[in-house]
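Below: one structure, written as structure tokens.
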Amino acid sequence: MNTYIRSIGSYIPKKRVTNDELAERIDTSDEWIRSHTGIGARHIADDDEATSDLGYRAAVDALESGGVDIQEIGGIIAATATPDHFGFPSTACIIQDRLKAQPGFAFDVTAGCSGFIYGLEIARGMLQLKDADNILVIGAEKLTSVVDWDDRNSVLFGDAGGAVVLSRLNGAEEGLRGIIDSKLHADGSGAEALMVASGGSRRPMKDGPYDIAEVTLRMQGRRVYNFAVSVIVGTLRSMMERNGLTIDDVDYIVPHQANIRILQAAAKRLGFPFEKFYVNIEDLANTSAASIPVALKEMERKGLLRRGARIMTIGFGAGLTYGGNVIIW
Ligand code: UT7
């Protein structure tokens with residue numbers, strides 16, 4: 001039984017900060033950031049906007065653009081590394097209440113920048129088990145809530161929300177379209193490579209005060225870069241092999257948008273034309289779990305997601321986690 005992406009939504013905060021604006025504050029430059037990452041700007045949520053607000057707006061966009069009534073939604077999965085609150089309650093529950101959804105399930109998934117791919121696969125399983133007919137899968141992040149603006153290593157991140165309605169396919173279309181395969185992986189030995197050190201149960205905030213470096217995101221950039229290139233190559237190769245695909249059969253690879261150089265290095269190692277990778281990092285920077293659904297929405301607007309197109313997603317991030325999907329649109 002197949003499941004398919006019925007509709008897509010996104011929300012990008014209006015406020016935009018360019019590299020040049022950042023360079024007025026810290027020791028960096030537009031030239032450095034662009035040449036090392038492909039990033040030109042990032043969008044930043046308002047002070048009174050939280051991750052659930054970004055996810056809610058993306059969800060409304062997904063429902064409206066697919067003509068889906070909220071009462072059809074049986075459950076909500078929110079992938080985020082920057083929840084409104086740490087576990088009490090989940091961001092998905094806050095979104096459920098705002099959407100006035102029926103009392104189906106609602107929970108968060110924590111898998112760093114691979115969160116949307118993890119969420120999609122959990123939803124696919126739940127649809128097959130008939131836990132619901134339609135599930136909202138949201139990837140939303142207010143990453144700037146954990147960015148130290150005085151740390152030049154942290155200039156890569158931005159805020160955004162993306163969402164899809166994932167539905168069960170029945171009847172004649174079954175087997176002809178939808179998510180046909182996924183791979184999910186983690187290598188917890190890399191946990192420290194991308195971490196917010198304090199604020200959780202290991203080093204509770206109540207025992208503070210803490211240095212800003214302890215409550216904001218710290219990344220071992222080179223280590224994560226090397227990990228990312230290697231898992232993109234390995235995961236795409238194995239998903240293609242297992243589905244009998246060559247790069248000529250694939251219309252687009254939709255990767256997590258962390259650094260254009262990571263994608264170029266992976267494409268080179270795979271021998272794939274770089275044009276097959278959909279890239280939108282220039283204006284949005286790294287939006288973690290939101291980046292793949294936001295990219296899909298942009299592709300839909302550009303008419304790139306024609307029926308029958310073969311799409312592969314690939315994600316990698318904190319955990320360290322990685323994974324991907326093979327989708328026939
Ligand atoms: O989404 C989750 C997954 N995240 C990723 O995949 C990101 C993976 N990592 C990366 O994309 C890259 O490693 C970075 C963009 C984070 C860093 O680029 P890099 O080419 O690996 O630079 P580096 O960390 O090796 O640093 C080289 C130099 C250092 O200076 P020194 O020590 O050589 O004097 C850094 O301090 O570049 C410096 N640097 C900067 N200079 C100006 C680092 N960030 C900046 C900056 N502006 N923004």
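Lettering and numbering for the structure tokens are positional, with chains as A, B, ... in the shown order, residues counted from 1 in each chain, and ligands counted from 1 in the shown order.
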
**Message:** What's around segment 233-250 of chain A at 6 Å? Count only C-alpha atoms, leave out sequence neighbours fewer than 3 positions away in its own chain, and write the answer as a list in words.
**Reply:**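 Non-adjacent residues within range: Ser230, Ala266 and Arg310 of chain A.
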
**Message:** If you run DSSP on the backbone here, which positions in segment 211-287 of chain A get helix (DSSP H, G or I)? Please write them as a PyMOL selection string.
**Reply:** chain A and resi 212-215+221-242+247-249+260-270+274-276+281-284

**Request:** Give me the residues within 10 Å of Ser65 of chain A as a ChimeraX atom specification, counting only C-alpha atoms and dropping any in the same chain fewer than 3 places off.
**Result:** /A:6-9,59-62,68

**Prompt:** Any idea what's packed within 10 Å of Ala41 of chain A, counting only C-alpha atoms, ignoring anything in its chain fewer than 5 positions away? Could you give it as a list in words?
**Reply:**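 Final neighbour list, sorted by chain and number: Arg16, Val17, Thr18, Asn19, Asp20, Glu21, Leu22, Asp30, Ile33, Arg34, Val155, Leu156, Phe157, Gly158, Ile281, Glu282, Asp283, Leu284 and Ala285 of chain A.
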
**Request:** Using only C-alpha atoms and all ligand atoms, find each residue with an atom at most 8 Å away from ligand 1 and format the answer as a PyMOL selection string.
**Result:** chain A and resi 27-29+32-33+36-37+112-113+152-156+194+219-228+256-259+261-262+286-288+316-318
